[in-house]
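As provided, run-v6.tsv (TSV, C-alpha atoms (C1' of nucleotides)) reads as follows.
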chain	number	residue	atom	x	y	z
G	1	MET	CA	36.76	-50.27	31.20
G	2	LYS	CA	34.33	-49.60	28.52
G	3	ARG	CA	31.24	-51.76	28.79
G	4	ASP	CA	30.18	-54.11	26.06
G	5	SER	CA	26.64	-53.11	25.10
G	6	ARG	CA	26.09	-55.55	22.27
G	7	LEU	CA	23.63	-57.69	24.22
G	8	SER	CA	21.62	-54.64	25.12
G	9	GLY	CA	21.83	-53.39	21.56
G	10	VAL	CA	20.83	-56.60	19.90
G	11	LEU	CA	17.85	-57.04	22.19
G	12	HIS	CA	16.70	-53.58	21.30
G	13	VAL	CA	17.00	-54.39	17.61
G	14	LEU	CA	15.22	-57.71	17.88
G	15	LEU	CA	12.27	-56.32	19.76
G	16	HIS	CA	11.85	-53.62	17.16
G	17	MET	CA	12.04	-56.21	14.41
G	18	ALA	CA	9.30	-58.10	16.19
G	19	GLU	CA	7.04	-55.07	15.83
G	20	MET	CA	7.55	-54.85	12.08
G	21	ASN	CA	5.77	-56.85	9.40
G	22	GLY	CA	8.38	-57.45	6.72
G	23	PRO	CA	12.15	-57.52	6.81
G	24	VAL	CA	13.99	-54.59	8.35
G	25	THR	CA	17.19	-53.24	6.81
G	26	SER	CA	20.39	-52.56	8.72
G	27	GLU	CA	20.04	-49.00	7.51
G	28	THR	CA	16.65	-48.57	9.17
G	29	MET	CA	17.76	-50.18	12.39
G	30	ALA	CA	20.93	-48.15	12.49
G	31	ARG	CA	18.97	-44.95	12.20
G	32	ALA	CA	16.66	-46.03	15.01
G	33	MET	CA	19.60	-47.00	17.21
G	34	GLN	CA	21.56	-43.92	16.23
G	35	THR	CA	24.51	-45.94	15.09
G	36	ASN	CA	26.05	-47.31	11.91
G	37	PRO	CA	24.56	-50.05	9.68
G	38	VAL	CA	27.83	-51.92	9.83
G	39	VAL	CA	27.60	-52.10	13.59
G	40	ILE	CA	24.16	-53.65	13.25
G	41	ARG	CA	25.38	-56.22	10.74
G	42	ARG	CA	28.28	-57.03	12.98
G	43	ILE	CA	26.20	-57.81	16.05
G	44	MET	CA	23.62	-59.65	13.94
G	45	ALA	CA	26.17	-61.88	12.23
G	46	GLY	CA	26.43	-64.25	15.19
G	47	LEU	CA	22.67	-64.46	15.52
G	48	ARG	CA	22.35	-65.39	11.87
G	49	GLU	CA	24.86	-68.20	12.28
G	50	ALA	CA	22.91	-69.40	15.31
G	51	GLY	CA	19.71	-69.43	13.26
G	52	LEU	CA	18.01	-66.82	15.42
G	53	VAL	CA	17.57	-64.43	12.53
G	54	ARG	CA	17.70	-64.55	8.73
G	55	SER	CA	18.99	-61.99	6.31
G	56	GLU	CA	18.11	-61.42	2.66
G	57	LYS	CA	19.99	-59.37	0.13
G	58	GLY	CA	18.61	-57.19	-2.64
G	59	HIS	CA	15.31	-55.40	-3.09
G	60	GLY	CA	12.90	-56.05	-0.26
G	61	GLY	CA	15.73	-57.64	1.69
G	62	GLY	CA	16.73	-57.11	5.31
G	63	TRP	CA	16.49	-58.99	8.56
G	64	THR	CA	13.74	-61.16	9.98
G	65	ILE	CA	13.44	-63.16	13.19
G	66	GLY	CA	13.85	-66.86	12.59
G	67	ARG	CA	11.90	-68.36	15.48
G	68	PRO	CA	8.95	-67.54	17.72
G	69	LEU	CA	9.89	-64.98	20.36
G	70	SER	CA	8.87	-67.46	23.02
G	71	GLU	CA	11.63	-69.80	21.87
G	72	ILE	CA	14.49	-67.33	22.07
G	73	THR	CA	16.07	-66.64	25.45
G	74	LEU	CA	18.64	-64.06	26.46
G	75	ARG	CA	20.98	-66.94	26.88
G	76	ASP	CA	20.58	-67.98	23.23
G	77	ILE	CA	21.48	-64.47	22.24
G	78	TYR	CA	24.36	-64.22	24.66
G	79	ASP	CA	25.74	-67.45	23.24
G	80	ALA	CA	25.24	-66.25	19.68
G	81	LEU	CA	27.26	-63.15	20.48
G	82	GLY	CA	30.15	-65.43	21.37
G	83	ARG	CA	29.68	-65.38	25.15
G	84	PRO	CA	31.49	-62.12	25.75
G	85	ASP	CA	33.20	-61.56	29.09
G	86	LEU	CA	30.67	-60.77	31.77
G	87	PHE	CA	32.96	-59.28	34.38
G	88	ALA	CA	34.84	-56.05	34.52
G	89	ILE	CA	37.11	-57.32	37.28
G	90	GLY	CA	39.61	-60.06	36.84
G	91	ASN	CA	42.95	-61.50	37.75
G	92	ARG	CA	46.09	-59.47	37.47
G	93	THR	CA	47.97	-62.43	36.03
G	94	GLU	CA	46.23	-65.44	34.65
G	95	SER	CA	48.87	-68.13	35.24
G	96	PRO	CA	51.01	-66.80	38.04
G	97	GLY	CA	54.06	-68.58	39.39
G	98	CYS	CA	53.49	-66.90	42.73
G	99	LEU	CA	51.57	-69.12	45.15
G	100	VAL	CA	49.99	-66.11	46.80
G	101	GLU	CA	48.58	-65.01	43.52
G	102	GLN	CA	47.40	-68.52	42.78
G	103	ALA	CA	45.44	-68.50	46.01
G	104	VAL	CA	43.99	-65.10	45.21
G	105	ASN	CA	43.03	-66.15	41.70
G	106	ALA	CA	41.39	-69.32	42.94
G	107	ALA	CA	39.22	-67.42	45.41
G	108	LEU	CA	38.22	-64.79	42.91
G	109	ASP	CA	37.61	-67.31	40.13
G	110	ASP	CA	35.38	-69.32	42.43
G	111	SER	CA	33.19	-66.38	43.27
G	112	LEU	CA	33.03	-65.12	39.72
G	113	ALA	CA	32.21	-68.56	38.36
G	114	GLU	CA	29.32	-68.83	40.78
G	115	ALA	CA	27.96	-65.42	39.83
G	116	GLU	CA	28.40	-66.21	36.16
G	117	ALA	CA	26.49	-69.46	36.47
G	118	LEU	CA	23.65	-67.66	38.20
G	119	LEU	CA	23.53	-64.94	35.58
G	120	ILE	CA	23.60	-67.30	32.63
G	121	ALA	CA	20.94	-69.50	34.18
G	122	ARG	CA	18.81	-66.44	34.65
G	123	PHE	CA	19.37	-65.41	31.06
G	124	GLY	CA	18.03	-68.81	30.11
G	125	THR	CA	14.71	-68.05	31.78
G	126	VAL	CA	14.03	-64.76	30.04
G	127	THR	CA	12.47	-65.02	26.58
G	128	LEU	CA	12.10	-62.34	23.97
G	129	ALA	CA	8.37	-62.90	24.31
G	130	ALA	CA	8.59	-61.84	27.95
G	131	LEU	CA	10.55	-58.73	27.05
G	132	SER	CA	8.10	-57.92	24.30
G	133	ALA	CA	5.19	-58.31	26.72
G	134	ASP	CA	6.90	-55.98	29.15
G	135	PHE	CA	7.41	-53.49	26.36
G	136	HIS	CA	3.73	-53.62	25.40
G	137	ALA	CA	2.72	-53.16	29.01
G	138	ARG	CA	4.91	-50.08	29.20
G	139	MET	CA	3.38	-48.77	26.01
G	140	VAL	CA	-0.14	-49.16	27.30
G	141	ALA	CA	0.88	-47.48	30.53
G	142	SER	CA	2.36	-44.55	28.64
G	143	GLY	CA	-0.43	-44.25	26.08
G	144	ARG	CA	2.03	-44.17	23.21
G	145	SER	CA	1.47	-45.82	19.84
G	146	VAL	CA	3.53	-48.59	18.32
G	147	ASP	CA	5.90	-46.89	15.94
G	148	LEU	CA	9.57	-46.19	15.80
G	149	GLU	CA	9.02	-42.50	15.10
G	150	THR	CA	7.60	-41.89	18.53
G	151	ASN	CA	10.69	-42.97	20.34
G	152	HIS	CA	13.48	-42.61	17.84
G	153	ALA	CA	14.60	-40.30	15.11
G	154	PRO	CA	12.11	-40.35	12.20
G	155	LEU	CA	12.84	-42.99	9.63
Z	1	MET	CA	37.08	-54.27	27.53
Z	2	LYS	CA	40.07	-54.14	29.73
Z	3	ARG	CA	39.54	-55.77	33.07
Z	4	ASP	CA	40.03	-53.94	36.34
Z	5	SER	CA	42.57	-55.96	38.31
Z	6	ARG	CA	42.89	-53.75	41.35
Z	7	LEU	CA	41.07	-56.16	43.63
Z	8	SER	CA	43.28	-59.00	42.51
Z	9	GLY	CA	46.33	-56.80	42.86
Z	10	VAL	CA	45.56	-55.49	46.28
Z	11	LEU	CA	44.85	-58.97	47.63
Z	12	HIS	CA	48.18	-60.12	46.36
Z	13	VAL	CA	49.88	-57.21	48.04
Z	14	LEU	CA	48.07	-57.67	51.35
Z	15	LEU	CA	48.89	-61.36	51.60
Z	16	HIS	CA	52.52	-60.65	50.97
Z	17	MET	CA	52.47	-57.95	53.63
Z	18	ALA	CA	51.02	-60.49	56.00
Z	19	GLU	CA	54.11	-62.64	55.51
Z	20	MET	CA	56.49	-59.83	56.39
Z	21	ASN	CA	57.53	-58.69	59.85
Z	22	GLY	CA	57.90	-54.95	59.53
Z	23	PRO	CA	56.43	-52.40	57.16
Z	24	VAL	CA	56.79	-52.99	53.43
Z	25	THR	CA	57.54	-50.16	51.05
Z	26	SER	CA	55.62	-49.43	47.86
Z	27	GLU	CA	58.92	-49.84	46.08
Z	28	THR	CA	59.37	-53.40	47.33
Z	29	MET	CA	55.81	-54.38	46.56
Z	30	ALA	CA	55.98	-52.82	43.13
Z	31	ARG	CA	59.04	-54.87	42.29
Z	32	ALA	CA	57.34	-58.04	43.50
Z	33	MET	CA	54.23	-57.25	41.48
Z	34	GLN	CA	56.21	-56.08	38.49
Z	35	THR	CA	54.54	-52.74	38.43
Z	36	ASN	CA	55.09	-49.17	39.52
Z	37	PRO	CA	55.20	-47.95	43.15
Z	38	VAL	CA	52.66	-45.26	42.33
Z	39	VAL	CA	50.21	-47.91	41.21
Z	40	ILE	CA	50.61	-49.59	44.59
Z	41	ARG	CA	50.07	-46.36	46.48
Z	42	ARG	CA	47.03	-45.62	44.40
Z	43	ILE	CA	45.27	-48.89	45.09
Z	44	MET	CA	46.32	-48.75	48.77
Z	45	ALA	CA	45.00	-45.22	49.28
Z	46	GLY	CA	41.39	-46.35	49.64
Z	47	LEU	CA	42.36	-49.11	52.06
Z	48	ARG	CA	44.19	-46.61	54.22
Z	49	GLU	CA	41.14	-44.38	54.39
Z	50	ALA	CA	39.05	-47.41	55.34
Z	51	GLY	CA	41.51	-48.22	58.13
Z	52	LEU	CA	42.48	-51.57	56.66
Z	53	VAL	CA	46.13	-50.59	56.37
Z	54	ARG	CA	48.45	-47.94	57.75
Z	55	SER	CA	51.30	-46.14	56.05
Z	56	GLU	CA	54.36	-44.46	57.54
Z	57	LYS	CA	56.71	-42.06	55.86
Z	58	GLY	CA	60.46	-41.77	56.22
Z	59	HIS	CA	63.14	-44.24	57.25
Z	60	GLY	CA	61.74	-47.59	58.22
Z	61	GLY	CA	58.39	-46.50	56.81
Z	62	GLY	CA	56.05	-48.39	54.52
Z	63	TRP	CA	52.78	-50.22	54.76
Z	64	THR	CA	51.35	-52.42	57.51
Z	65	ILE	CA	48.04	-54.22	57.89
Z	66	GLY	CA	45.74	-52.50	60.37
Z	67	ARG	CA	43.56	-55.38	61.57
Z	68	PRO	CA	43.70	-59.13	62.07
Z	69	LEU	CA	43.42	-60.97	58.75
Z	70	SER	CA	40.38	-62.77	60.09
Z	71	GLU	CA	38.56	-59.46	60.35
Z	72	ILE	CA	39.09	-58.32	56.78
Z	73	THR	CA	36.83	-59.69	54.06
Z	74	LEU	CA	37.04	-59.34	50.31
Z	75	ARG	CA	33.97	-57.20	50.61
Z	76	ASP	CA	35.73	-54.75	52.92
Z	77	ILE	CA	38.46	-54.43	50.33
Z	78	TYR	CA	36.07	-54.15	47.44
Z	79	ASP	CA	34.27	-51.35	49.26
Z	80	ALA	CA	37.54	-49.64	50.09
Z	81	LEU	CA	38.44	-49.65	46.41
Z	82	GLY	CA	35.29	-47.65	45.80
Z	83	ARG	CA	33.09	-50.54	44.65
Z	84	PRO	CA	34.31	-50.59	41.07
Z	85	ASP	CA	31.96	-51.80	38.36
Z	86	LEU	CA	31.68	-55.57	38.43
Z	87	PHE	CA	30.26	-56.14	34.97
Z	88	ALA	CA	31.72	-55.84	31.54
Z	89	ILE	CA	28.33	-55.77	29.89
Z	90	GLY	CA	25.84	-53.00	30.29
Z	91	ASN	CA	23.11	-50.93	28.76
Z	92	ARG	CA	23.56	-49.19	25.46
Z	93	THR	CA	21.80	-46.10	26.78
Z	94	GLU	CA	21.23	-45.49	30.45
Z	95	SER	CA	18.08	-43.37	30.33
Z	96	PRO	CA	16.44	-44.17	27.02
Z	97	GLY	CA	13.28	-42.50	25.77
Z	98	CYS	CA	12.51	-45.62	23.77
Z	99	LEU	CA	10.13	-47.92	25.63
Z	100	VAL	CA	11.68	-50.98	24.02
Z	101	GLU	CA	15.03	-50.03	25.36
Z	102	GLN	CA	13.52	-49.34	28.75
Z	103	ALA	CA	12.15	-52.87	28.84
Z	104	VAL	CA	15.52	-54.26	27.77
Z	105	ASN	CA	17.37	-52.25	30.38
Z	106	ALA	CA	14.97	-53.31	33.11
Z	107	ALA	CA	15.46	-56.99	32.32
Z	108	LEU	CA	19.20	-56.72	32.12
Z	109	ASP	CA	19.48	-54.57	35.22
Z	110	ASP	CA	17.39	-57.08	37.17
Z	111	SER	CA	19.63	-59.97	36.28
Z	112	LEU	CA	22.82	-58.05	36.86
Z	113	ALA	CA	21.61	-56.74	40.19
Z	114	GLU	CA	20.89	-60.27	41.33
Z	115	ALA	CA	24.31	-61.53	40.27
Z	116	GLU	CA	25.95	-58.54	41.89
Z	117	ALA	CA	24.18	-59.14	45.19
Z	118	LEU	CA	25.31	-62.76	45.14
Z	119	LEU	CA	28.88	-61.84	44.38
Z	120	ILE	CA	29.13	-59.15	47.02
Z	121	ALA	CA	27.55	-61.41	49.61
Z	122	ARG	CA	30.09	-64.04	48.74
Z	123	PHE	CA	32.92	-61.53	49.04
Z	124	GLY	CA	31.66	-60.87	52.55
Z	125	THR	CA	32.27	-64.48	53.53
Z	126	VAL	CA	35.89	-64.69	52.39
Z	127	THR	CA	38.47	-63.37	54.83
Z	128	LEU	CA	42.11	-62.63	54.23
Z	129	ALA	CA	42.83	-65.25	56.86
Z	130	ALA	CA	41.15	-67.84	54.66
Z	131	LEU	CA	43.15	-66.76	51.65
Z	132	SER	CA	46.33	-66.83	53.69
Z	133	ALA	CA	45.52	-70.33	54.90
Z	134	ASP	CA	44.96	-71.45	51.35
Z	135	PHE	CA	48.27	-69.92	50.36
Z	136	HIS	CA	50.10	-71.75	53.15
Z	137	ALA	CA	48.44	-74.99	52.14
Z	138	ARG	CA	49.65	-74.50	48.60
Z	139	MET	CA	53.11	-73.77	49.87
Z	140	VAL	CA	53.26	-76.95	51.90
Z	141	ALA	CA	51.98	-78.88	48.91
Z	142	SER	CA	54.66	-77.44	46.68
Z	143	GLY	CA	57.50	-77.69	49.19
Z	144	ARG	CA	58.54	-74.12	48.62
Z	145	SER	CA	59.76	-71.75	51.31
Z	146	VAL	CA	58.11	-68.54	52.41
Z	147	ASP	CA	59.95	-65.80	50.64
Z	148	LEU	CA	59.26	-63.37	47.87
Z	149	GLU	CA	62.41	-64.29	46.00
Z	150	THR	CA	61.13	-67.76	45.20
Z	151	ASN	CA	58.13	-66.56	43.32
Z	152	HIS	CA	58.99	-63.08	42.19
Z	153	ALA	CA	61.90	-61.16	40.87
Z	154	PRO	CA	64.61	-60.85	43.54
Z	155	LEU	CA	64.19	-57.84	45.78
H	1	DT	C1'	70.02	-31.53	56.78
H	2	DT	C1'	70.28	-35.51	54.09
H	3	DT	C1'	67.86	-39.52	52.90
H	4	DC	C1'	63.99	-42.29	52.54
H	5	DA	C1'	59.24	-42.98	52.02
H	6	DT	C1'	54.54	-41.70	51.05
H	7	DG	C1'	50.88	-38.41	48.52
H	8	DT	C1'	49.15	-36.89	44.43
H	9	DA	C1'	48.53	-34.36	40.12
H	10	DA	C1'	49.40	-34.64	35.37
H	11	DT	C1'	50.64	-37.06	31.47
H	12	DT	C1'	51.44	-40.98	28.46
H	13	DC	C1'	50.58	-45.66	26.93
H	14	DG	C1'	47.83	-49.61	25.54
H	15	DA	C1'	43.81	-52.25	24.85
H	16	DT	C1'	39.42	-52.55	22.96
H	17	DA	C1'	34.47	-51.33	22.02
H	18	DT	C1'	32.49	-48.65	18.75
H	19	DG	C1'	32.20	-45.93	14.54
H	20	DT	C1'	33.42	-45.21	9.63
H	21	DT	C1'	34.93	-46.00	4.93
H	22	DA	C1'	35.42	-48.75	1.06
H	23	DC	C1'	34.46	-52.26	-1.72
H	24	DA	C1'	32.75	-57.09	-2.87
H	25	DT	C1'	28.74	-60.26	-3.36
H	26	DG	C1'	24.28	-61.40	-4.50
H	27	DA	C1'	19.15	-60.59	-5.27
H	28	DT	C1'	15.43	-58.12	-7.49
H	29	DG	C1'	13.07	-55.39	-10.97
H	30	DG	C1'	13.02	-53.06	-14.95
X	1	DC	C1'	21.46	-57.50	-19.04
X	2	DC	C1'	22.23	-53.98	-15.79
X	3	DA	C1'	20.92	-50.55	-12.39
X	4	DT	C1'	19.70	-50.57	-7.72
X	5	DC	C1'	19.35	-52.20	-3.23
X	6	DA	C1'	20.86	-54.85	0.47
X	7	DT	C1'	24.05	-57.65	3.01
X	8	DG	C1'	29.22	-59.22	4.08
X	9	DT	C1'	33.59	-57.88	5.55
X	10	DA	C1'	38.08	-56.06	5.78
X	11	DA	C1'	40.58	-52.13	7.04
X	12	DC	C1'	41.05	-48.13	9.40
X	13	DA	C1'	39.74	-44.23	12.77
X	14	DT	C1'	38.14	-42.70	17.20
X	15	DA	C1'	37.00	-42.62	22.06
X	16	DT	C1'	37.37	-44.38	26.46
X	17	DC	C1'	39.53	-46.11	30.37
X	18	DG	C1'	42.78	-48.93	33.20
X	19	DA	C1'	47.50	-48.95	33.94
X	20	DA	C1'	52.04	-47.05	33.82
X	21	DT	C1'	55.06	-43.21	34.21
X	22	DT	C1'	56.88	-38.70	35.44
X	23	DA	C1'	57.43	-35.02	38.42
X	24	DC	C1'	57.31	-32.84	42.47
X	25	DA	C1'	55.56	-31.93	47.31
X	26	DT	C1'	55.27	-33.46	52.21
X	27	DG	C1'	56.90	-35.44	56.22
X	28	DA	C1'	59.68	-38.73	59.27
X	29	DA	C1'	64.01	-40.62	60.80
X	30	DA	C1'	68.98	-40.94	61.08
Would it be possible to restate this file's structure as structure tokens?
Amino acid sequence: MKRDSRLSGVLHVLLHMAEMNGPVTSETMARAMQTNPVVIRRIMAGLREAGLVRSEKGHGGGWTIGRPLSEITLRDIYDALGRPDLFAIGNRTESPGCLVEQAVNAALDDSLAEAEALLIARFGTVTLAALSADFHARMVASGRSVDLETNHAPL
Amino acid sequence: MKRDSRLSGVLHVLLHMAEMNGPVTSETMARAMQTNPVVIRRIMAGLREAGLVRSEKGHGGGWTIGRPLSEITLRDIYDALGRPDLFAIGNRTESPGCLVEQAVNAALDDSLAEAEALLIARFGTVTLAALSADFHARMVASGRSVDLETNHAPL
DNA sequence: TTTCATGTAATTCGATATGTTACATGATGG
DNA sequence: CCATCATGTAACATATCGAATTACATGAAA
């Protein structure tokens, strides 16, 4: 199964946006993430609808963060992405007639639901501000400067 | 992302085996599961190596469970399957040079590791005997009889 | 020695996350 | 105005991976 990396990707984008002054274009972000601008717009679309970011067209346009980093949690972002499936394992048949399979599904669903609740609750406790702080701590530790060029392809 | 249903599948197979007297062939199980015998053998291979089941070739051959149901947990089976990935979400890049992405990965990995530990611990508490008991309870509740034909395609 | 069953490699199929192309919409600046 | 820049999106291409299938080898029992 191929893993969904949109959450990871969007976090990366948002933290970079937080380091910039003005709006950042999809084009710029795509180059930094080594992907396609359309991919960026696609993963940002949900966030825009959720009010987490804003986008402007035309000259000087691009994306900006819509709220303080301390008021955006991983859970907000996960929700904005449409709550993608968390698990790579699942039931063979979702509504089986077989009672054996029903028992199996019930046991598995129980365990997965518990793990999912834990994970989502944990997402709710992690803010972008915390991630940003961790990033800055890593930067100090590494002695690097705050610019995209250092870590990504030149813009 | 397509979900890995081997755990679900193998549990289904094992509980059906538990209802049978003698060995069950891959052919029979495949028909009951509406899949291919090779798929059955493939998912059973790891369990055989782990000693959870035995297989016999030739006339009267097939698969049998190697230990009391009360001594096999979901965790044993999960391990025997080779501990497949549990999560459908993951990092965009596994060893990023970008410090932002490192911070993102660290946060995500932390949360996922915690959820994984919970899930695996929980798997360790669920035995096949418990699943079998649940199945029998469901059967009593539904008034059905114990045979594959009732719930699956006729053998 | 025929038949039945597992063991396994190799290949195909199908689903889906991601990447790409193409074009429409709207904002800004001359 | 209108040329340019940027987002918005649909449509299509590609890559990956779980599952299914095919083919054939091995070994046990009648």
Requested in this report: Please indicate the distance in Å from atom CA of Arg6 of chain G to atom CA of Ile77 of chain G, rounded to one decimal place.
Outcome: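 Atom-to-atom, atom CA of Arg6 of chain G and atom CA of Ile77 of chain G are spaced 10.0 Å apart.
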Report task. Please return, as a PyMOL selection string, all residues of chain G lying within 9 Å of chain X when all atoms listed in the file are considered. Result -> chain G and resi 1-2+25-26+41+55-62
Requested in this report: Please return, as a PyMOL selection string, all residues of chain G lying within 8 Å of chain Z when all atoms listed in the file are considered.
Outcome: chain G and resi 1-9+11-12+15-16+85-92+97-105+107-108+111-112+114-116+118-119+122-123+131-132+134-135+138-139+151-152
Query raised in the report: chain H residues within 10 Å of chain Z, counting only C-alpha atoms (C1' of nucleotides): which ones, as a list of chain:residue names?
Result: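 The complete set of qualifying residues is H:DT3, H:DC4, H:DA5, H:DT6, H:DG7, H:DT8, H:DG14, H:DA15, H:DT16, H:DA17.
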Query raised in the report: Between atom CA of Glu71 of chain Z and atom CA of Ala129 of chain Z, what is the distance, to one decimal in Å?
Result: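 Atom-to-atom, atom CA of Glu71 of chain Z and atom CA of Ala129 of chain Z are spaced 8.0 Å apart.
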**Report entry** Straight-line distance linking atom CA of Ile72 of chain Z with atom CA of Asn21 of chain Z, stated in Å to one decimal
**Finding:** 18.7 Å
Atom completion result for segment 14-32 of chain Z (N, CA, C and O atoms) as a short mmCIF file (atom, residue, chain, number, x, y, z; two decimals), in the frame of the given file:
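out-v1.cif written:
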data_model
loop_
_atom_site.label_atom_id
_atom_site.label_comp_id
_atom_site.auth_asym_id
_atom_site.auth_seq_id
_atom_site.Cartn_x
_atom_site.Cartn_y
_atom_site.Cartn_z
N LEU Z 14 48.39 -57.52 49.93
CA LEU Z 14 48.07 -57.67 51.35
C LEU Z 14 48.59 -59.00 51.89
O LEU Z 14 49.11 -59.07 53.01
N LEU Z 15 48.44 -60.05 51.10
CA LEU Z 15 48.89 -61.36 51.60
C LEU Z 15 50.41 -61.39 51.72
O LEU Z 15 50.94 -62.03 52.62
N HIS Z 16 51.07 -60.71 50.82
CA HIS Z 16 52.52 -60.65 50.97
C HIS Z 16 52.91 -59.84 52.20
O HIS Z 16 53.80 -60.21 52.95
N MET Z 17 52.20 -58.76 52.44
CA MET Z 17 52.47 -57.95 53.63
C MET Z 17 52.31 -58.79 54.88
O MET Z 17 53.06 -58.65 55.84
N ALA Z 18 51.30 -59.66 54.83
CA ALA Z 18 51.02 -60.49 56.00
C ALA Z 18 52.18 -61.43 56.32
O ALA Z 18 52.35 -61.87 57.46
N GLU Z 19 52.98 -61.73 55.30
CA GLU Z 19 54.11 -62.64 55.51
C GLU Z 19 55.34 -61.92 56.06
O GLU Z 19 56.30 -62.56 56.49
N MET Z 20 55.33 -60.61 55.98
CA MET Z 20 56.49 -59.83 56.39
C MET Z 20 56.38 -59.42 57.85
O MET Z 20 55.28 -59.30 58.39
N ASN Z 21 57.54 -59.16 58.47
CA ASN Z 21 57.53 -58.69 59.85
C ASN Z 21 57.19 -57.20 59.91
O ASN Z 21 56.14 -56.82 60.37
N GLY Z 22 58.11 -56.39 59.42
CA GLY Z 22 57.90 -54.95 59.53
C GLY Z 22 57.10 -54.39 58.38
O GLY Z 22 56.47 -55.13 57.63
N PRO Z 23 57.12 -53.08 58.26
CA PRO Z 23 56.43 -52.40 57.16
C PRO Z 23 57.09 -52.75 55.82
O PRO Z 23 58.28 -53.04 55.77
N VAL Z 24 56.29 -52.74 54.77
CA VAL Z 24 56.79 -52.99 53.43
C VAL Z 24 56.62 -51.72 52.60
O VAL Z 24 55.57 -51.09 52.66
N THR Z 25 57.63 -51.39 51.85
CA THR Z 25 57.54 -50.16 51.05
C THR Z 25 56.83 -50.41 49.72
O THR Z 25 56.80 -51.53 49.22
N SER Z 26 56.27 -49.35 49.18
CA SER Z 26 55.62 -49.43 47.86
C SER Z 26 56.63 -49.92 46.83
O SER Z 26 56.28 -50.67 45.90
N GLU Z 27 57.85 -49.47 46.98
CA GLU Z 27 58.92 -49.84 46.08
C GLU Z 27 59.11 -51.36 46.06
O GLU Z 27 59.15 -51.98 44.99
N THR Z 28 59.19 -51.95 47.23
CA THR Z 28 59.37 -53.40 47.33
C THR Z 28 58.19 -54.15 46.73
O THR Z 28 58.36 -55.09 45.95
N MET Z 29 57.00 -53.70 47.07
CA MET Z 29 55.81 -54.38 46.56
C MET Z 29 55.71 -54.22 45.05
O MET Z 29 55.35 -55.17 44.34
N ALA Z 30 56.05 -53.05 44.56
CA ALA Z 30 55.98 -52.82 43.13
C ALA Z 30 56.92 -53.77 42.40
O ALA Z 30 56.58 -54.31 41.34
N ARG Z 31 58.11 -53.98 42.96
CA ARG Z 31 59.04 -54.87 42.29
C ARG Z 31 58.48 -56.30 42.28
O ARG Z 31 58.54 -56.99 41.28
N ALA Z 32 57.91 -56.69 43.41
CA ALA Z 32 57.34 -58.04 43.50
C ALA Z 32 56.17 -58.21 42.52
O ALA Z 32 55.99 -59.27 41.93
#
